[in-house]
>>> print(open('entry-v8.txt').read())   # compact mmCIF, C-alpha atoms
# COMPACT_ATOMS: atom_id res chain seq x y z
CA MET A 1 -22.77 -16.29 9.77
CA ARG A 2 -25.17 -17.49 12.49
CA LEU A 3 -25.06 -14.34 14.58
CA ALA A 4 -24.89 -12.05 11.57
CA LEU A 5 -28.21 -13.47 10.40
CA LEU A 6 -29.72 -13.08 13.87
CA ALA A 7 -28.54 -9.47 13.91
CA LEU A 8 -30.15 -8.79 10.54
CA LEU A 9 -33.41 -10.28 11.77
CA ALA A 10 -33.42 -8.03 14.85
CA ARG A 11 -34.76 -5.28 12.60
CA GLY A 12 -37.77 -7.31 11.49
CA PRO A 13 -38.84 -10.47 9.64
CA ALA A 14 -37.15 -11.30 6.36
CA HIS A 15 -36.67 -14.22 3.96
CA GLY A 16 -33.38 -15.84 3.05
CA TYR A 17 -32.69 -14.02 -0.16
CA GLU A 18 -33.40 -10.64 1.42
CA LEU A 19 -30.87 -11.42 4.14
CA LYS A 20 -28.25 -12.25 1.54
CA GLN A 21 -28.89 -8.94 -0.23
CA ASP A 22 -28.78 -6.98 3.03
CA LEU A 23 -25.43 -8.53 3.88
CA GLU A 24 -24.03 -7.78 0.44
CA GLN A 25 -25.15 -4.21 0.57
CA LEU A 26 -23.74 -3.64 4.02
CA LEU A 27 -20.34 -5.26 3.56
CA GLY A 28 -19.73 -4.44 -0.08
CA ALA A 29 -17.90 -6.35 -2.75
CA ALA A 30 -14.83 -6.85 -0.55
CA TYR A 31 -16.43 -9.40 1.70
CA PRO A 32 -16.49 -12.94 0.29
CA GLN A 33 -20.22 -13.36 0.00
CA PRO A 34 -21.88 -16.46 1.39
CA ASN A 35 -23.95 -18.26 -1.20
CA VAL A 36 -27.65 -18.38 -0.76
CA GLY A 37 -27.46 -22.13 -0.01
CA GLN A 38 -25.26 -21.47 3.02
CA ILE A 39 -27.75 -18.92 4.23
CA TYR A 40 -30.68 -21.34 3.95
CA VAL A 41 -28.76 -24.07 5.75
CA THR A 42 -27.84 -21.69 8.57
CA LEU A 43 -31.42 -20.44 8.84
CA GLY A 44 -32.57 -24.07 9.09
CA ARG A 45 -30.18 -24.68 11.96
CA LEU A 46 -31.19 -21.49 13.77
CA GLU A 47 -34.81 -22.57 13.49
CA LYS A 48 -34.04 -26.01 14.88
CA THR A 49 -32.35 -24.47 17.93
CA GLY A 50 -35.34 -22.20 18.50
CA LEU A 51 -33.53 -18.90 17.91
CA ILE A 52 -35.74 -18.00 14.94
CA GLU A 53 -39.10 -19.13 13.59
CA GLY A 54 -40.14 -19.43 9.98
CA GLU A 55 -43.57 -18.90 8.47
CA ASP A 56 -44.54 -20.01 5.00
CA VAL A 57 -45.92 -17.22 2.89
CA GLU A 58 -47.84 -18.13 -0.23
CA GLN A 59 -46.81 -16.52 -3.48
CA SER A 60 -48.87 -16.54 -6.61
CA SER A 61 -47.30 -18.63 -9.38
CA ARG A 62 -44.17 -19.29 -7.30
CA PRO A 63 -43.24 -21.71 -4.54
CA ASN A 64 -43.92 -20.53 -1.00
CA LYS A 65 -41.23 -18.47 0.63
CA LYS A 66 -40.30 -18.71 4.24
CA VAL A 67 -40.19 -15.50 6.25
CA TYR A 68 -38.19 -15.72 9.45
CA HIS A 69 -38.42 -13.75 12.64
CA LEU A 70 -36.36 -13.64 15.80
CA THR A 71 -37.68 -15.50 18.89
CA ASP A 72 -37.13 -14.28 22.46
CA ALA A 73 -34.36 -16.86 22.78
CA GLY A 74 -32.81 -15.50 19.59
CA ARG A 75 -32.91 -11.94 20.89
CA GLU A 76 -31.30 -13.15 24.13
CA ALA A 77 -28.52 -14.92 22.17
CA LEU A 78 -27.91 -11.75 20.23
CA ARG A 79 -27.79 -9.66 23.39
CA ALA A 80 -25.24 -12.08 24.89
CA TRP A 81 -23.18 -11.79 21.68
CA TYR A 82 -23.07 -8.02 22.02
CA GLU A 83 -22.05 -8.26 25.65
CA GLU A 84 -18.98 -10.37 24.93
CA THR A 85 -15.79 -8.84 23.65
CA ALA A 86 -14.18 -10.56 20.70
CA ASP A 87 -10.98 -12.61 20.88
CA GLU A 88 -7.69 -11.00 19.97
CA PRO A 89 -6.23 -11.76 16.55
CA ARG A 90 -3.55 -14.40 16.75
CA VAL A 91 0.00 -14.63 15.51
CA ARG A 92 0.19 -16.81 12.39
CA ASP A 93 1.02 -19.90 14.42
CA GLU A 94 1.80 -22.23 11.56
CA PHE A 95 4.40 -19.92 10.11
CA PHE A 96 5.83 -19.27 13.55
CA MET A 97 6.28 -23.01 14.15
CA LYS A 98 7.97 -23.44 10.78
CA LEU A 99 10.32 -20.58 11.57
CA ALA A 100 11.11 -21.71 15.09
CA LEU A 101 11.82 -25.29 14.06
CA ALA A 102 13.61 -24.60 10.77
CA PRO A 103 17.23 -24.69 12.03
CA GLN A 104 16.98 -28.14 13.56
CA THR A 105 15.37 -29.72 10.53
CA GLY A 106 18.16 -28.61 8.20
CA LEU A 107 15.44 -28.41 5.52
CA ALA A 108 14.79 -24.69 5.35
CA ASP A 109 16.61 -21.41 5.79
CA GLN A 110 14.89 -19.00 8.15
CA ILE A 111 15.61 -15.89 6.10
CA ALA A 112 14.37 -17.60 2.94
CA LEU A 113 11.19 -18.58 4.81
CA ILE A 114 10.66 -15.00 5.91
CA ASN A 115 11.21 -13.70 2.39
CA ARG A 116 8.69 -16.12 0.94
CA GLN A 117 6.12 -15.35 3.56
CA ARG A 118 6.64 -11.63 3.01
CA ARG A 119 5.99 -12.05 -0.72
CA GLN A 120 2.70 -13.69 0.00
CA TYR A 121 1.63 -10.98 2.44
CA LEU A 122 2.66 -8.25 0.01
CA ASN A 123 0.67 -9.85 -2.77
CA THR A 124 -2.36 -10.05 -0.52
CA MET A 125 -1.80 -6.44 0.50
CA ARG A 126 -1.80 -5.49 -3.16
CA GLN A 127 -5.05 -7.33 -3.76
CA LEU A 128 -6.58 -5.53 -0.81
CA SER A 129 -5.45 -2.15 -2.20
CA LYS A 130 -7.09 -3.04 -5.48
CA LEU A 131 -10.28 -4.07 -3.72
CA ALA A 132 -10.30 -0.80 -1.81
CA ALA A 133 -9.81 1.14 -5.03
CA ALA A 134 -12.66 -0.71 -6.72
CA GLU A 135 -15.09 -0.46 -3.81
CA ASP A 136 -17.78 2.20 -3.69
CA ARG A 137 -16.23 5.18 -1.88
CA ASP A 138 -19.33 5.76 0.18
CA ASN A 139 -19.48 2.29 1.66
CA ARG A 140 -17.68 3.06 4.90
CA ILE A 141 -18.28 -0.34 6.48
CA SER A 142 -16.70 -2.10 3.53
CA HIS A 143 -13.71 0.25 3.55
CA LEU A 144 -13.25 -0.29 7.27
CA LEU A 145 -13.25 -4.05 6.71
CA ILE A 146 -10.54 -3.77 4.06
CA GLU A 147 -8.54 -1.30 6.12
CA GLY A 148 -8.72 -3.62 9.12
CA ALA A 149 -7.37 -6.48 7.02
CA MET A 150 -4.59 -4.23 5.71
CA LEU A 151 -3.58 -3.07 9.17
CA HIS A 152 -3.39 -6.67 10.39
CA LEU A 153 -1.23 -7.57 7.43
CA GLN A 154 0.92 -4.52 8.08
CA ALA A 155 1.47 -5.76 11.63
CA ASP A 156 2.40 -9.21 10.34
CA LEU A 157 4.83 -7.64 7.89
CA ASP A 158 6.36 -5.52 10.66
CA TRP A 159 6.76 -8.64 12.73
CA LEU A 160 8.48 -10.46 9.83
CA GLU A 161 10.83 -7.50 9.64
CA ARG A 162 11.63 -7.91 13.34
CA CYS A 163 12.24 -11.63 12.86
CA GLN A 164 14.57 -10.87 9.99
CA GLU A 165 16.53 -8.26 11.95
CA GLU A 166 17.00 -10.62 14.90
CA LEU A 167 17.77 -13.75 12.94
CA GLU A 168 20.12 -12.10 10.45
CA GLU A 169 22.29 -10.99 13.34
CA LEU A 170 22.72 -14.62 14.36
CA GLN A 171 23.69 -15.80 10.90
CA MET B 1 13.13 0.13 -28.03
CA SER B 2 16.64 -1.04 -27.21
CA GLU B 3 17.45 -2.38 -23.78
CA SER B 4 19.54 0.62 -22.81
CA THR B 5 16.76 3.12 -23.45
CA ALA B 6 14.25 0.95 -21.57
CA GLU B 7 16.54 1.13 -18.54
CA VAL B 8 15.73 4.38 -16.78
CA LEU B 9 18.07 3.73 -13.89
CA ARG B 10 20.92 1.35 -13.17
CA ALA B 11 23.17 1.15 -10.14
CA GLU B 12 26.11 -1.15 -9.61
CA GLY B 13 28.13 -1.80 -6.48
CA LEU B 14 26.84 1.23 -4.58
CA VAL B 15 28.49 1.76 -1.20
CA LYS B 16 27.96 4.61 1.23
CA THR B 17 29.32 4.90 4.76
CA HIS B 18 28.33 7.79 7.00
CA HIS B 19 31.13 9.16 9.16
CA GLY B 20 29.47 10.99 11.99
CA GLU B 21 30.13 10.85 15.68
CA GLY B 22 30.96 7.37 16.93
CA ALA B 23 31.57 4.37 14.72
CA PRO B 24 31.12 4.74 10.94
CA ALA B 25 27.62 3.68 9.83
CA ARG B 26 27.59 1.52 6.71
CA ALA B 27 24.28 2.69 5.27
CA VAL B 28 24.55 1.12 1.80
CA ARG B 29 26.73 -1.95 1.43
CA GLY B 30 26.94 -3.01 -2.18
CA VAL B 31 23.68 -2.45 -4.06
CA ASP B 32 22.94 -3.42 -7.65
CA LEU B 33 19.64 -2.24 -9.05
CA ARG B 34 17.89 -1.83 -12.39
CA VAL B 35 14.66 0.03 -12.98
CA THR B 36 13.10 -0.16 -16.41
CA ARG B 37 10.72 2.30 -18.02
CA GLY B 38 7.20 2.18 -16.63
CA GLU B 39 8.10 0.20 -13.53
CA PHE B 40 6.79 1.11 -10.08
CA VAL B 41 9.31 -0.13 -7.54
CA ALA B 42 9.02 0.18 -3.77
CA ILE B 43 11.95 -0.21 -1.40
CA THR B 44 10.85 -1.17 2.11
CA GLY B 45 12.69 -1.96 5.28
CA PRO B 46 13.05 -0.92 8.90
CA SER B 47 14.14 2.62 9.72
CA GLY B 48 17.90 2.86 9.74
CA ALA B 49 18.24 0.17 7.05
CA GLY B 50 19.76 2.73 4.69
CA LYS B 51 16.90 2.97 2.24
CA SER B 52 16.72 6.77 2.30
CA THR B 53 20.48 6.98 1.81
CA LEU B 54 20.09 4.73 -1.22
CA LEU B 55 17.44 7.03 -2.67
CA HIS B 56 19.66 10.05 -2.04
CA LEU B 57 22.49 8.36 -3.92
CA LEU B 58 20.16 7.59 -6.83
CA GLY B 59 19.02 11.21 -6.99
CA GLY B 60 22.54 12.59 -6.76
CA LEU B 61 21.81 14.26 -3.42
CA GLN B 62 24.74 12.31 -1.94
CA ARG B 63 27.73 10.77 -3.68
CA PRO B 64 28.58 7.08 -3.25
CA ASP B 65 31.95 5.96 -1.81
CA ALA B 66 32.04 3.30 -4.50
CA GLY B 67 29.90 2.13 -7.39
CA SER B 68 28.22 3.82 -10.34
CA ILE B 69 24.83 5.06 -11.43
CA TRP B 70 23.46 5.25 -14.98
CA LEU B 71 20.53 7.44 -15.98
CA ASP B 72 18.89 6.37 -19.26
CA GLY B 73 22.02 4.38 -20.00
CA GLU B 74 24.33 7.33 -19.36
CA CYS B 75 27.02 6.93 -16.71
CA THR B 76 26.89 9.69 -14.08
CA ASP B 77 30.39 9.11 -12.67
CA GLY B 78 31.63 12.43 -14.03
CA TYR B 79 28.65 14.48 -12.85
CA GLY B 80 29.32 17.34 -10.45
CA GLU B 81 26.81 19.12 -8.20
CA ALA B 82 25.64 21.46 -10.96
CA ARG B 83 25.03 18.65 -13.41
CA TRP B 84 23.07 16.65 -10.85
CA ALA B 85 20.99 19.75 -10.09
CA VAL B 86 20.14 19.98 -13.79
CA GLU B 87 19.24 16.29 -13.93
CA ARG B 88 16.97 16.72 -10.92
CA ARG B 89 14.99 19.19 -13.01
CA ARG B 90 15.07 17.22 -16.23
CA ARG B 91 15.35 13.51 -15.67
CA ILE B 92 14.48 13.00 -12.01
CA GLY B 93 11.61 14.39 -9.96
CA ILE B 94 11.81 13.96 -6.19
CA VAL B 95 9.22 14.15 -3.41
CA PHE B 96 10.26 14.06 0.22
CA GLN B 97 8.58 13.23 3.51
CA PHE B 98 8.45 16.86 4.59
CA PHE B 99 7.45 18.28 1.20
CA ASN B 100 10.36 20.78 1.11
CA LEU B 101 8.31 23.47 -0.58
CA VAL B 102 9.70 27.01 -0.71
CA SER B 103 7.73 28.56 2.14
CA ASP B 104 7.68 32.15 0.86
CA LEU B 105 6.58 31.27 -2.67
CA SER B 106 2.96 30.66 -3.59
CA VAL B 107 1.73 27.23 -4.64
CA ALA B 108 1.75 28.32 -8.29
CA ASP B 109 5.31 29.64 -8.08
CA ASN B 110 6.55 26.52 -6.29
CA VAL B 111 5.30 24.38 -9.15
CA GLU B 112 6.38 26.68 -11.98
CA LEU B 113 9.86 27.35 -10.63
CA PRO B 114 11.53 24.10 -11.77
CA ALA B 115 9.99 24.53 -15.22
CA LEU B 116 11.29 28.10 -15.52
CA LEU B 117 14.72 27.03 -14.26
CA ALA B 118 14.76 24.34 -16.92
CA GLY B 119 14.23 27.02 -19.57
CA VAL B 120 10.55 26.36 -20.27
CA PRO B 121 8.84 29.53 -21.61
CA PRO B 122 6.69 31.17 -18.86
CA ARG B 123 3.44 30.65 -20.71
CA LYS B 124 4.13 26.95 -21.11
CA ALA B 125 5.26 26.62 -17.49
CA ARG B 126 2.01 28.19 -16.42
CA ALA B 127 -0.06 25.86 -18.58
CA GLY B 128 1.80 22.85 -17.19
CA ARG B 129 1.25 24.08 -13.66
CA GLU B 130 -2.47 24.66 -14.25
CA GLU B 131 -2.94 21.22 -15.70
CA LEU B 132 -1.13 19.46 -12.85
CA LEU B 133 -2.84 21.39 -10.06
CA ALA B 134 -6.22 20.63 -11.60
CA GLU B 135 -5.26 16.99 -11.92
CA LEU B 136 -4.26 16.92 -8.27
CA GLY B 137 -7.45 18.61 -7.09
CA LEU B 138 -5.72 21.84 -6.09
CA GLN B 139 -7.65 24.34 -8.20
CA GLY B 140 -8.19 27.54 -6.27
CA LYS B 141 -5.06 27.01 -4.18
CA GLU B 142 -2.67 28.65 -6.66
CA ARG B 143 -2.22 31.79 -4.59
CA SER B 144 -2.04 30.05 -1.23
CA MET B 145 1.25 29.86 0.60
CA PRO B 146 2.46 26.38 1.54
CA GLY B 147 1.98 27.09 5.26
CA GLU B 148 -1.74 27.63 4.69
CA LEU B 149 -2.24 24.12 3.30
CA SER B 150 -2.75 20.79 5.05
CA GLY B 151 0.02 18.21 4.93
CA GLY B 152 -1.80 16.22 2.29
CA GLU B 153 -2.24 19.30 0.12
CA GLN B 154 1.40 20.29 0.50
CA GLN B 155 2.45 16.83 -0.59
CA ARG B 156 0.25 17.13 -3.68
CA VAL B 157 1.92 20.46 -4.51
CA ALA B 158 5.30 18.76 -4.06
CA LEU B 159 4.17 16.02 -6.43
CA ALA B 160 3.12 18.62 -9.01
CA ARG B 161 6.49 20.33 -8.65
CA ALA B 162 8.31 17.02 -9.10
CA LEU B 163 6.35 16.15 -12.24
CA VAL B 164 6.09 19.55 -13.96
CA ASN B 165 9.05 18.83 -16.26
CA HIS B 166 7.80 15.31 -17.07
CA PRO B 167 10.89 13.58 -15.69
CA PRO B 168 11.31 9.96 -16.82
CA LEU B 169 11.91 8.96 -13.19
CA LEU B 170 10.06 9.94 -10.02
CA LEU B 171 11.82 9.29 -6.70
CA ALA B 172 9.64 9.39 -3.59
CA ASP B 173 11.17 9.27 -0.11
CA GLU B 174 8.54 8.34 2.51
CA PRO B 175 6.00 10.57 0.73
CA ALA B 176 3.30 9.68 3.25
CA GLY B 177 5.61 9.61 6.26
CA SER B 178 4.14 12.72 7.81
CA LEU B 179 0.54 12.26 6.65
CA ASP B 180 -2.46 10.71 8.35
CA SER B 181 -4.24 7.64 7.05
CA ARG B 182 -6.42 9.63 4.65
CA GLY B 183 -3.41 11.53 3.28
CA THR B 184 -1.59 8.24 2.85
CA ARG B 185 -4.42 6.77 0.79
CA GLU B 186 -4.49 9.93 -1.31
CA VAL B 187 -0.76 9.74 -2.07
CA MET B 188 -1.14 6.06 -2.88
CA ARG B 189 -3.99 6.76 -5.27
CA LEU B 190 -2.07 9.51 -7.05
CA LEU B 191 1.14 7.51 -7.41
CA SER B 192 -0.89 4.63 -8.84
CA ARG B 193 -2.62 6.95 -11.25
CA PHE B 194 0.62 8.46 -12.58
CA HIS B 195 2.10 4.99 -12.81
CA ARG B 196 -0.81 3.76 -14.91
CA ARG B 197 -0.01 6.55 -17.33
CA GLY B 198 3.51 5.27 -17.71
CA GLN B 199 5.41 7.19 -15.03
CA THR B 200 8.43 5.26 -13.71
CA ILE B 201 8.46 5.48 -9.91
CA LEU B 202 10.95 4.46 -7.24
CA LEU B 203 9.37 4.74 -3.81
CA VAL B 204 11.08 4.36 -0.44
CA THR B 205 8.72 3.60 2.43
CA HIS B 206 8.42 1.64 5.65
CA ASP B 207 4.67 1.42 5.06
CA ALA B 208 3.68 -1.87 3.47
CA ARG B 209 0.29 -0.51 2.45
CA LEU B 210 1.96 2.18 0.39
CA ALA B 211 4.51 -0.31 -0.96
CA SER B 212 1.72 -2.59 -2.14
CA ALA B 213 0.76 0.00 -4.74
CA ALA B 214 4.02 -0.87 -6.52
CA ASP B 215 4.42 -3.84 -8.81
CA ARG B 216 7.84 -4.72 -7.49
CA VAL B 217 8.94 -4.60 -3.86
CA ILE B 218 12.55 -4.65 -2.72
CA SER B 219 13.19 -5.50 0.92
CA PHE B 220 16.15 -3.59 2.24
CA PHE B 221 17.98 -4.72 5.38
CA ASP B 222 21.15 -3.44 6.86
CA GLY B 223 22.30 -1.69 3.70
CA ARG B 224 21.62 -4.58 1.37
CA ILE B 225 18.83 -5.95 -0.80
CA ALA B 226 17.41 -8.95 1.04
CA ASP B 227 14.65 -9.74 -1.44
CA ASP B 228 13.36 -8.40 -4.74
CA ALA B 229 9.83 -9.54 -5.55
CA GLU B 230 7.41 -8.89 -8.38
CA LEU B 231 3.88 -8.59 -7.04
CA ASP B 232 1.36 -10.11 -9.37
CA GLY B 233 -1.71 -9.02 -7.45
CA GLY B 234 -3.67 -11.73 -9.21
CA ALA B 235 -6.37 -13.77 -7.61
CA PRO B 236 -5.23 -15.85 -4.66
CA THR B 237 -4.86 -19.49 -5.50
CA ARG B 238 -5.63 -20.83 -2.07
CA ARG B 239 -8.19 -20.04 0.54
CA ALA B 240 -5.51 -17.93 2.18
CA GLY B 241 -4.87 -14.51 0.77
CA THR B 242 -7.51 -11.87 0.43
CA SER B 243 -10.62 -13.89 1.05
CA GLY B 244 -8.94 -15.49 4.05
CA VAL B 245 -8.05 -12.20 5.69
CA LEU B 246 -11.42 -10.65 4.94
CA GLU B 247 -13.57 -13.50 6.10
CA LEU B 248 -15.57 -12.78 9.21
CA ARG B 249 -16.32 -15.72 11.43
CA ASP B 250 -18.48 -16.06 14.47
>>> encode(input="entry-v8.txt", output="structure tokens")
Amino acid sequence: MRLALLALLARGPAHGYELKQDLEQLLGAAYPQPNVGQIYVTLGRLEKTGLIEGEDVEQSSRPNKKVYHLTDAGREALRAWYEETADEPRVRDEFFMKLALAPQTGLADQIALINRQRRQYLNTMRQLSKLAAAEDRDNRISHLLIEGAMLHLQADLDWLERCQEELEELQ
Amino acid sequence: MSESTAEVLRAEGLVKTHHGEGAPARAVRGVDLRVTRGEFVAITGPSGAGKSTLLHLLGGLQRPDAGSIWLDGECTDGYGEARWAVERRRRIGIVFQFFNLVSDLSVADNVELPALLAGVPPRKARAGREELLAELGLQGKERSMPGELSGGEQQRVALARALVNHPPLLLADEPAGSLDSRGTREVMRLLSRFHRRGQTILLVTHDARLASAADRVISFFDGRIADDAELDGGAPTRRAGTSGVLELRD
């Protein structure tokens, strides 16, 4: 959230509610939207660390609104963010531990674990398909987000399949 | 509606072993399956698990070594090749990975042919073809030859051909297996649309994205059903699920 807000402010000054709307428009209905409270809290923190500055703007018959702009330090932080590459996605470690340790506990069957996990992934996959179907066709960014999530899930499902093939041979 | 009419397809104790070179391959090793009217069932599993063989048995394209199949409550044990060919025009529509269109017939003729073979009057066959091609976004392609179309378009023609006689059951064998990501989404959208209108579908695929269009997913391993799950697709109860996989963090 922090860096996303900085990135939105790189274009020019904006107030909290505008930033929320910009984010919603960009990412579409698929993305679980942050509430406006979260945005204000994050903006407050960014201001405290000197990455943005806020200016009160008077409004007739309404409370003042605070318009934020990026500071030089903020622009530098954003530049550094763009220079880094992102971390790789990780194997679902908790499930992997459950699976690896299941035989010695005598409490769970590995194949049954895999089947249950697969059901959950398939259900999520189905929800994602529905989201994709409901999303505005022209919102490419939103569709790419959903497709990315689906491809990750597909990889997890393929991996479950591999686990099942290997472990069924042992049984 | 009685239970037997609601059951479009039933299989019991299906076994099929392929005898090629080398050791016999036990492709299907004892499968029981029921598909009721209006269901959309996907069978997934690794390649070589026997899922395509299972679909071929269910469509009468291969004969099981043991076990029986019922179509609309009717036992098919006594069916010969000719009878199965008739049923594949009347009661079962099939789409394949490689479309299997007749390459020297036009799009229109490919779609009308099964209707004409089933004894539908030409005028009615033509009307059915026109309606389906329009539905599938293929207006203006009637006179094209299959080779002139993209893979996605050919698969849509194959879908029209499979559905022209309004079969109670549609079998689809890796229908997106030779399509790109866009073609895959298109096939998924169309299958979902026909399903919403009541079409019963049995889909075989290794692609979980395609399978997630179904409301029931059967996991097939080593010739057997390993799991048979209804997908509810409802809202996730925990933070995991959709919102978890979509959340972006910094």
>>> interface_residues(input="entry-v8.txt", of="chain A", to="chain B", cutoff="8 Å", atoms="all atoms listed in the file", output="PyMOL selection string")
chain A and resi 1-3+30-32+115+119-129+145-146+149-150+154+157+161+165
>>> atom_distance(input="entry-v8.txt", atom1="CA of Met97 (chain A)", atom2="CA of Leu153 (chain A)")
18.4 Å
>>> residues_near_point(input="entry-v8.txt", point="(-34.4, -19.7, 19.7)", cutoff="9 Å", atoms="all atoms listed in the file", output="ChimeraX atom specification")
/A:46-53,70-77
>>> residues_around(input="entry-v8.txt", residues="Leu160 (chain A)", least_positions_apart="5", cutoff="10 Å", atoms="all atoms listed in the file", output="ChimeraX atom specification")
/A:96,111,113-115,117-118,154-155,165-166
>>> closest_residue(input="entry-v8.txt", among="B:Arg10, B:His166, B:Arg224, B:Arg197", to="Cys75 (chain B)", atoms="all atoms listed in the file")
B:Arg10
>>> closest_residue(input="entry-v8.txt", among="B:Arg37, B:Lys16, B:Thr200, B:Gly151", to="Lys51 (chain B)", atoms="only C-alpha atoms")
B:Lys16
>>> residues_around(input="entry-v8.txt", residues="Thr76 (chain B)", least_positions_apart="2", cutoff="12 Å", atoms="only C-alpha atoms", output="list in words")
Leu9, Arg10, Ala11, Glu12, Leu57, Leu58, Gly59, Gly60, Arg63, Pro64, Gly67, Ser68, Ile69, Trp70, Leu71, Asp72, Gly73, Glu74, Gly78, Tyr79, Gly80, Glu81, Arg83, Trp84 and Glu87 of chain B
>>> build_atoms(input="entry-v8.txt", residues="region 114-127 of chain A", atoms="N, CA and C atoms", output="PDB file, in the frame of the given file")
ATOM      1  N   ILE A 114      11.224 -16.337   5.673  1.00  0.00           N
ATOM      2  CA  ILE A 114      10.660 -15.000   5.910  1.00  0.00           C
ATOM      3  C   ILE A 114      10.401 -14.291   4.587  1.00  0.00           C
ATOM      4  N   ASN A 115      11.372 -14.371   3.685  1.00  0.00           N
ATOM      5  CA  ASN A 115      11.210 -13.700   2.390  1.00  0.00           C
ATOM      6  C   ASN A 115      10.004 -14.230   1.624  1.00  0.00           C
ATOM      7  N   ARG A 116       9.829 -15.545   1.674  1.00  0.00           N
ATOM      8  CA  ARG A 116       8.690 -16.120   0.940  1.00  0.00           C
ATOM      9  C   ARG A 116       7.369 -15.714   1.548  1.00  0.00           C
ATOM     10  N   GLN A 117       7.346 -15.732   2.875  1.00  0.00           N
ATOM     11  CA  GLN A 117       6.120 -15.350   3.560  1.00  0.00           C
ATOM     12  C   GLN A 117       5.792 -13.880   3.277  1.00  0.00           C
ATOM     13  N   ARG A 118       6.843 -13.053   3.260  1.00  0.00           N
ATOM     14  CA  ARG A 118       6.640 -11.630   3.010  1.00  0.00           C
ATOM     15  C   ARG A 118       6.041 -11.426   1.609  1.00  0.00           C
ATOM     16  N   ARG A 119       6.542 -12.178   0.639  1.00  0.00           N
ATOM     17  CA  ARG A 119       5.990 -12.050  -0.720  1.00  0.00           C
ATOM     18  C   ARG A 119       4.502 -12.327  -0.743  1.00  0.00           C
ATOM     19  N   GLN A 120       4.129 -13.378  -0.013  1.00  0.00           N
ATOM     20  CA  GLN A 120       2.700 -13.690   0.000  1.00  0.00           C
ATOM     21  C   GLN A 120       1.883 -12.564   0.627  1.00  0.00           C
ATOM     22  N   TYR A 121       2.360 -12.060   1.776  1.00  0.00           N
ATOM     23  CA  TYR A 121       1.630 -10.980   2.440  1.00  0.00           C
ATOM     24  C   TYR A 121       1.549  -9.749   1.538  1.00  0.00           C
ATOM     25  N   LEU A 122       2.654  -9.443   0.873  1.00  0.00           N
ATOM     26  CA  LEU A 122       2.660  -8.250   0.010  1.00  0.00           C
ATOM     27  C   LEU A 122       1.687  -8.407  -1.156  1.00  0.00           C
ATOM     28  N   ASN A 123       1.629  -9.607  -1.695  1.00  0.00           N
ATOM     29  CA  ASN A 123       0.670  -9.850  -2.770  1.00  0.00           C
ATOM     30  C   ASN A 123      -0.767  -9.673  -2.275  1.00  0.00           C
ATOM     31  N   THR A 124      -1.020 -10.198  -1.084  1.00  0.00           N
ATOM     32  CA  THR A 124      -2.360 -10.050  -0.520  1.00  0.00           C
ATOM     33  C   THR A 124      -2.652  -8.580  -0.265  1.00  0.00           C
ATOM     34  N   MET A 125      -1.648  -7.872   0.249  1.00  0.00           N
ATOM     35  CA  MET A 125      -1.800  -6.440   0.500  1.00  0.00           C
ATOM     36  C   MET A 125      -2.172  -5.716  -0.796  1.00  0.00           C
ATOM     37  N   ARG A 126      -1.525  -6.127  -1.861  1.00  0.00           N
ATOM     38  CA  ARG A 126      -1.800  -5.490  -3.160  1.00  0.00           C
ATOM     39  C   ARG A 126      -3.233  -5.769  -3.612  1.00  0.00           C
ATOM     40  N   GLN A 127      -3.667  -7.007  -3.400  1.00  0.00           N
ATOM     41  CA  GLN A 127      -5.050  -7.330  -3.760  1.00  0.00           C
ATOM     42  C   GLN A 127      -6.036  -6.502  -2.948  1.00  0.00           C
TER      43      GLN A 127
END
